[in-house]
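Printed here is query.txt (compact mmCIF, C-alpha atoms):
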```txt
# COMPACT_ATOMS: atom_id res chain seq x y z
CA MET A 105 -13.23 29.15 68.53
CA ARG A 106 -13.22 29.87 72.26
CA VAL A 107 -16.64 30.83 73.65
CA LEU A 108 -17.35 32.22 77.12
CA ILE A 109 -20.86 31.37 78.36
CA LEU A 110 -22.30 33.30 81.31
CA ALA A 111 -25.63 33.35 83.15
CA ASP A 112 -27.26 34.98 86.18
CA ILE A 113 -24.70 37.69 86.94
CA HIS A 114 -27.14 39.61 89.17
CA GLY A 115 -25.08 42.75 89.66
CA ASN A 116 -21.96 40.92 90.91
CA MET A 117 -19.23 42.92 89.22
CA PRO A 118 -16.30 41.48 91.24
CA ALA A 119 -17.12 37.98 89.98
CA LEU A 120 -17.59 39.14 86.40
CA SER A 121 -14.37 41.17 86.50
CA GLU A 122 -12.39 38.16 87.73
CA ILE A 123 -13.67 36.01 84.88
CA ALA A 124 -12.83 38.75 82.36
CA ALA A 125 -9.33 39.09 83.80
CA ARG A 126 -8.59 35.37 83.80
CA GLU A 127 -10.23 34.18 80.57
CA SER A 128 -9.94 34.95 76.89
CA TRP A 129 -12.71 34.48 74.34
CA ASP A 130 -13.57 34.89 70.69
CA LEU A 131 -17.32 34.95 71.34
CA MET A 132 -19.39 35.66 74.45
CA ILE A 133 -22.89 34.38 75.24
CA CYS A 134 -24.98 35.70 78.14
CA LEU A 135 -28.14 33.92 79.26
CA GLY A 136 -29.80 36.75 81.16
CA ASP A 137 -30.50 38.01 84.68
CA LEU A 138 -27.96 40.80 84.71
CA VAL A 139 -29.71 42.71 87.47
CA ASP A 140 -31.13 42.48 91.03
CA TYR A 141 -29.52 41.22 94.25
CA GLY A 142 -26.05 42.69 93.57
CA PRO A 143 -24.88 46.31 93.93
CA TRP A 144 -23.54 46.99 90.41
CA PRO A 145 -26.27 46.44 87.77
CA ASP A 146 -25.03 49.39 85.70
CA GLU A 147 -21.43 48.16 85.53
CA VAL A 148 -22.52 44.64 84.69
CA ILE A 149 -24.78 45.86 81.89
CA ASP A 150 -22.09 48.17 80.50
CA PHE A 151 -19.73 45.19 80.34
CA ILE A 152 -22.27 42.91 78.67
CA MET A 153 -23.32 45.57 76.17
CA GLU A 154 -19.70 46.05 75.18
CA ASN A 155 -18.54 42.43 75.16
CA ALA A 156 -21.38 39.94 74.67
CA ASP A 157 -22.18 38.83 71.14
CA TYR A 158 -25.47 37.16 72.10
CA THR A 159 -27.62 37.96 75.14
CA VAL A 160 -31.13 36.79 76.02
CA MET A 161 -33.54 38.28 78.53
CA GLY A 162 -33.90 36.85 82.03
CA ASN A 163 -36.93 37.11 84.28
CA HIS A 164 -35.27 39.80 86.43
CA ASP A 165 -34.29 41.80 83.35
CA TYR A 166 -37.88 41.59 82.13
CA SER A 167 -39.26 42.62 85.51
CA LEU A 168 -37.01 45.67 85.79
CA ALA A 169 -37.34 46.87 82.20
CA LEU A 170 -41.03 46.19 81.60
CA HIS A 171 -42.42 46.28 85.15
CA GLY A 172 -43.48 42.65 84.87
CA ASP A 173 -43.62 39.86 87.39
CA CYS A 174 -40.20 38.42 88.24
CA GLY A 175 -41.93 35.08 88.86
CA CYS A 176 -40.00 34.47 92.08
CA SER A 177 -41.04 32.73 95.28
CA PRO A 178 -42.02 35.10 98.12
CA GLU A 179 -38.54 35.02 99.68
CA TYR A 180 -36.88 35.96 96.41
CA VAL A 181 -39.48 38.61 95.61
CA ALA A 182 -38.42 40.40 98.81
CA LEU A 183 -34.74 40.10 97.88
CA THR A 184 -35.52 41.39 94.40
CA MET A 185 -37.59 44.37 95.45
CA TYR A 186 -35.29 45.55 98.22
CA SER A 187 -32.13 45.18 96.15
CA ARG A 188 -33.74 46.84 93.15
CA LYS A 189 -34.87 49.81 95.19
CA ALA A 190 -31.38 50.10 96.67
CA THR A 191 -29.81 50.29 93.20
CA GLU A 192 -32.56 52.21 91.39
CA ASN A 193 -30.38 55.31 91.03
CA ARG A 194 -27.86 53.22 89.06
CA VAL A 195 -30.46 52.13 86.49
CA ASN A 196 -31.07 54.81 83.87
CA ASP A 197 -33.30 54.90 80.79
CA LEU A 198 -30.53 53.52 78.58
CA ILE A 199 -30.19 50.45 80.80
CA ARG A 200 -33.95 49.90 80.86
CA SER A 201 -34.14 50.29 77.10
CA TYR A 202 -31.32 47.81 76.57
CA LEU A 203 -32.90 45.21 78.84
CA ALA A 204 -36.30 45.70 77.17
CA SER A 205 -34.71 45.10 73.75
CA LEU A 206 -33.27 41.69 74.64
CA PRO A 207 -34.86 38.67 72.93
CA GLU A 208 -36.37 35.85 74.97
CA LYS A 209 -34.83 33.18 72.68
CA LEU A 210 -32.01 32.97 70.18
CA GLU A 211 -30.82 30.24 67.84
CA ILE A 212 -27.26 30.29 66.53
CA ASP A 213 -24.89 27.94 64.73
CA LEU A 214 -21.56 27.18 66.38
CA ASP A 215 -19.03 24.84 64.79
CA GLY A 216 -21.83 23.09 62.93
CA LYS A 217 -23.92 22.71 66.09
CA ARG A 218 -27.39 24.24 66.51
CA LEU A 219 -27.57 26.16 69.79
CA HIS A 220 -30.79 27.33 71.41
CA LEU A 221 -30.15 30.14 73.91
CA VAL A 222 -32.77 30.88 76.57
CA HIS A 223 -32.89 31.90 80.21
CA GLY A 224 -35.49 29.43 81.50
CA SER A 225 -36.67 26.81 79.00
CA ILE A 226 -37.87 26.55 75.41
CA ARG A 227 -41.50 26.23 76.54
CA ASN A 228 -41.23 29.08 79.05
CA PRO A 229 -38.26 31.32 78.23
CA LEU A 230 -38.42 33.60 81.27
CA TYR A 231 -39.70 31.34 84.04
CA GLY A 232 -39.11 27.71 83.01
CA PHE A 233 -37.11 25.93 85.71
CA ILE A 234 -34.72 23.09 84.92
CA ALA A 235 -32.38 21.57 87.49
CA PRO A 236 -30.34 18.36 87.89
CA PHE A 237 -32.81 16.82 90.35
CA LEU A 238 -35.64 16.82 87.75
CA ASN A 239 -36.22 13.67 85.72
CA ASP A 240 -35.73 13.51 81.96
CA GLU A 241 -39.45 13.28 81.23
CA ASP A 242 -40.24 16.53 83.02
CA ILE A 243 -37.30 18.30 81.43
CA LEU A 244 -38.30 17.14 77.94
CA LYS A 245 -41.68 18.80 78.40
CA GLU A 246 -39.82 22.09 78.90
CA MET A 247 -37.72 21.46 75.78
CA GLN A 248 -40.76 20.92 73.52
CA ASP A 249 -39.49 19.75 70.12
CA ALA A 250 -36.02 21.30 70.30
CA SER A 251 -33.03 19.42 68.93
CA GLY A 252 -29.37 20.29 69.09
CA ILE A 253 -28.00 21.95 72.21
CA VAL A 254 -30.12 24.03 74.59
CA ILE A 255 -28.13 26.38 76.83
CA PHE A 256 -30.01 28.03 79.68
CA GLY A 257 -29.70 29.56 83.15
CA HIS A 258 -32.22 30.56 85.85
CA SER A 259 -31.65 27.74 88.39
CA HIS A 260 -28.10 28.91 89.23
CA ILE A 261 -27.10 25.21 89.20
CA GLU A 262 -24.69 23.91 86.59
CA MET A 263 -25.64 20.81 84.64
CA GLN A 264 -24.96 18.98 81.39
CA ARG A 265 -27.24 16.16 80.30
CA GLU A 266 -27.95 14.24 77.09
CA LEU A 267 -31.72 13.80 76.94
CA ARG A 268 -31.84 12.19 73.49
CA ASP A 269 -29.34 11.36 70.79
CA ASP A 270 -30.22 14.69 69.21
CA LEU A 271 -30.66 16.84 72.34
CA ILE A 272 -28.15 18.01 74.95
CA ILE A 273 -28.96 20.56 77.63
CA ILE A 274 -26.39 22.73 79.41
CA ASN A 275 -26.51 25.23 82.28
CA PRO A 276 -23.28 27.11 83.14
CA GLY A 277 -24.45 27.91 86.67
CA SER A 278 -24.46 31.44 88.03
CA VAL A 279 -21.72 34.04 87.80
CA GLY A 280 -23.14 36.18 90.59
CA PHE A 281 -24.93 33.87 93.02
CA PRO A 282 -23.77 30.29 92.37
CA ARG A 283 -25.33 27.37 94.22
CA GLY A 284 -24.23 23.87 95.15
CA ASN A 285 -22.52 24.97 98.38
CA ASP A 286 -19.62 26.29 96.32
CA PRO A 287 -19.20 30.09 96.40
CA ARG A 288 -16.83 30.24 93.44
CA THR A 289 -18.22 31.95 90.35
CA SER A 290 -19.51 29.49 87.76
CA TYR A 291 -19.39 29.62 83.94
CA ILE A 292 -18.55 27.58 80.83
CA ILE A 293 -15.81 27.73 78.22
CA TYR A 294 -16.58 26.07 74.90
CA GLU A 295 -13.46 25.11 72.97
CA ASN A 296 -12.42 22.39 70.53
CA GLY A 297 -15.94 21.01 70.36
CA ARG A 298 -16.39 20.59 74.12
CA PHE A 299 -18.18 22.48 76.89
CA HIS A 300 -15.93 22.86 79.92
CA GLN A 301 -17.60 23.71 83.24
CA LYS A 302 -15.41 26.08 85.26
CA ARG A 303 -15.35 27.50 88.79
CA LEU A 304 -13.19 30.46 89.77
CA GLU A 305 -12.39 32.14 93.07
CA TYR A 306 -13.01 35.88 93.21
CA ASP A 307 -13.03 38.67 95.78
CA ILE A 308 -16.16 37.65 97.67
CA GLU A 309 -15.52 40.16 100.45
CA LYS A 310 -15.66 43.00 97.94
CA MET A 311 -19.09 41.75 96.95
CA VAL A 312 -20.06 41.49 100.63
CA GLN A 313 -18.93 45.07 101.24
CA GLY A 314 -21.01 46.19 98.28
CA ILE A 315 -24.09 44.49 99.70
CA VAL A 316 -23.46 45.99 103.15
CA ALA A 317 -23.39 49.47 101.60
CA MET A 318 -26.81 48.97 99.96
CA ASN A 319 -29.77 50.73 101.55
CA MET A 320 -31.72 47.64 102.63
CA PRO A 321 -32.88 46.03 105.89
CA ASP A 322 -30.18 44.00 107.62
CA GLU A 323 -32.16 40.77 107.26
CA ILE A 324 -32.16 41.15 103.46
CA LYS A 325 -28.44 41.95 103.42
CA ASN A 326 -27.70 38.92 105.57
CA VAL A 327 -29.55 36.54 103.24
CA LEU A 328 -27.63 37.86 100.24
CA ILE A 329 -24.30 37.80 102.08
CA ASP A 330 -24.86 34.21 103.25
CA SER A 331 -25.72 33.21 99.70
CA VAL A 332 -22.53 34.79 98.32
CA ARG A 333 -20.25 33.38 101.00
CA GLU A 334 -21.71 29.89 101.10
CA GLY A 335 -22.81 29.32 97.51
CA ARG A 336 -26.42 28.51 98.25
```
Target encoding structure tokens, full file:
Amino acid sequence: MRVLILADIHGNMPALSEIAARESWDLMICLGDLVDYGPWPDEVIDFIMENADYTVMGNHDYSLALHGDCGCSPEYVALTMYSRKATENRVNDLIRSYLASLPEKLEIDLDGKRLHLVHGSIRNPLYGFIAPFLNDEDILKEMQDASGIVIFGHSHIEMQRELRDDLIIINPGSVGFPRGNDPRTSYIIYENGRFHQKRLEYDIEKMVQGIVAMNMPDEIKNVLIDSVREGR
């Protein structure tokens, strides 16, 4: 069984297309945040609807589909609102309905392993924030009583950590806006009982051109372009 695990695509179709062209999979998991920031939310969602076997809702998906709070810091709220307005004509009722239908949590069995799928954390599926710089005690509070393997996104930072003998947590990083000062798209391949963190170069300038063409203030475009080019 070869499983492709994606998170935080954020409308970056060039990155997603490169992964699809270079990888094969028997099963696909998507951990949410398909929309906002990037120019192609419709194409990303069409791809995920057609190819993903399991998808959970991210905070940006929730915000777009149900007019809820994206839960972002002020800087990211501005990025979200401007980019969403710039791509609003690409988001139809079918897309909104699909995003609204996504579950906040899923549990599946994979090769005898119990997997918990969530965007943020078990305690707070949409907004829970887990990152490598947090200590185990704080992370365990977000995991509540989960055991098995928890796979999540939201921070855009890849990590794998064993918190207890019966609990492993994994973040594949972000497809669309990866961090860690590495602009390559980030994802995970699960195969032969192991989770393999992967980075892949893609056509960043195509993504930059897409952002430039969006109807947004230059200062918003520049923040997004810097993030894409520099991986931060």
d(CA of Ala124 (chain A), CA of Tyr180 (chain A)) in Å: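 CA of Ala124 (chain A) sits 28.0 Å away from CA of Tyr180 (chain A).
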Distance in Å - CA of His258 (chain A) versus CA of Arg194 (chain A):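 Pair CA of His258 (chain A) / CA of Arg194 (chain A) returns 23.3 Å.
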Residues within 8 Å of Gly136 (chain A), all atoms listed in the file, excluding chain neighbours under 5 positions, as an MDAnalysis selection string: chainID A and resid 111:113 159:163 165 223 257
When you look at Gln248 (chain A) with a cut-off of 10 Å (counting all atoms listed in the file), what residues show up, excluding the ones that are within fewer than 6 positions of it in the same chain? I need them as a compact mmCIF listing (two decimals) with C-alpha atoms, keeping the file's coordinate frame.
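Output contents, as saved in selection.txt:
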```txt
# COMPACT_ATOMS: atom_id res chain seq x y z
CA SER A 225 -36.67 26.81 79.00
CA ILE A 226 -37.87 26.55 75.41
CA ARG A 227 -41.50 26.23 76.54
CA ASN A 228 -41.23 29.08 79.05
```
Top pick for closest residue to Ile234 (chain A), considering A:Gly142, A:Gly277, A:Gly175, A:Gly252 and counting all atoms listed in the file: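 Ranked by minimum distance to Ile234 (chain A), first place goes to A:Gly277.
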Distance in Å - CA of Asp215 (chain A) versus CA of Pro236 (chain A):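 These atoms are spaced 26.5 Å apart.
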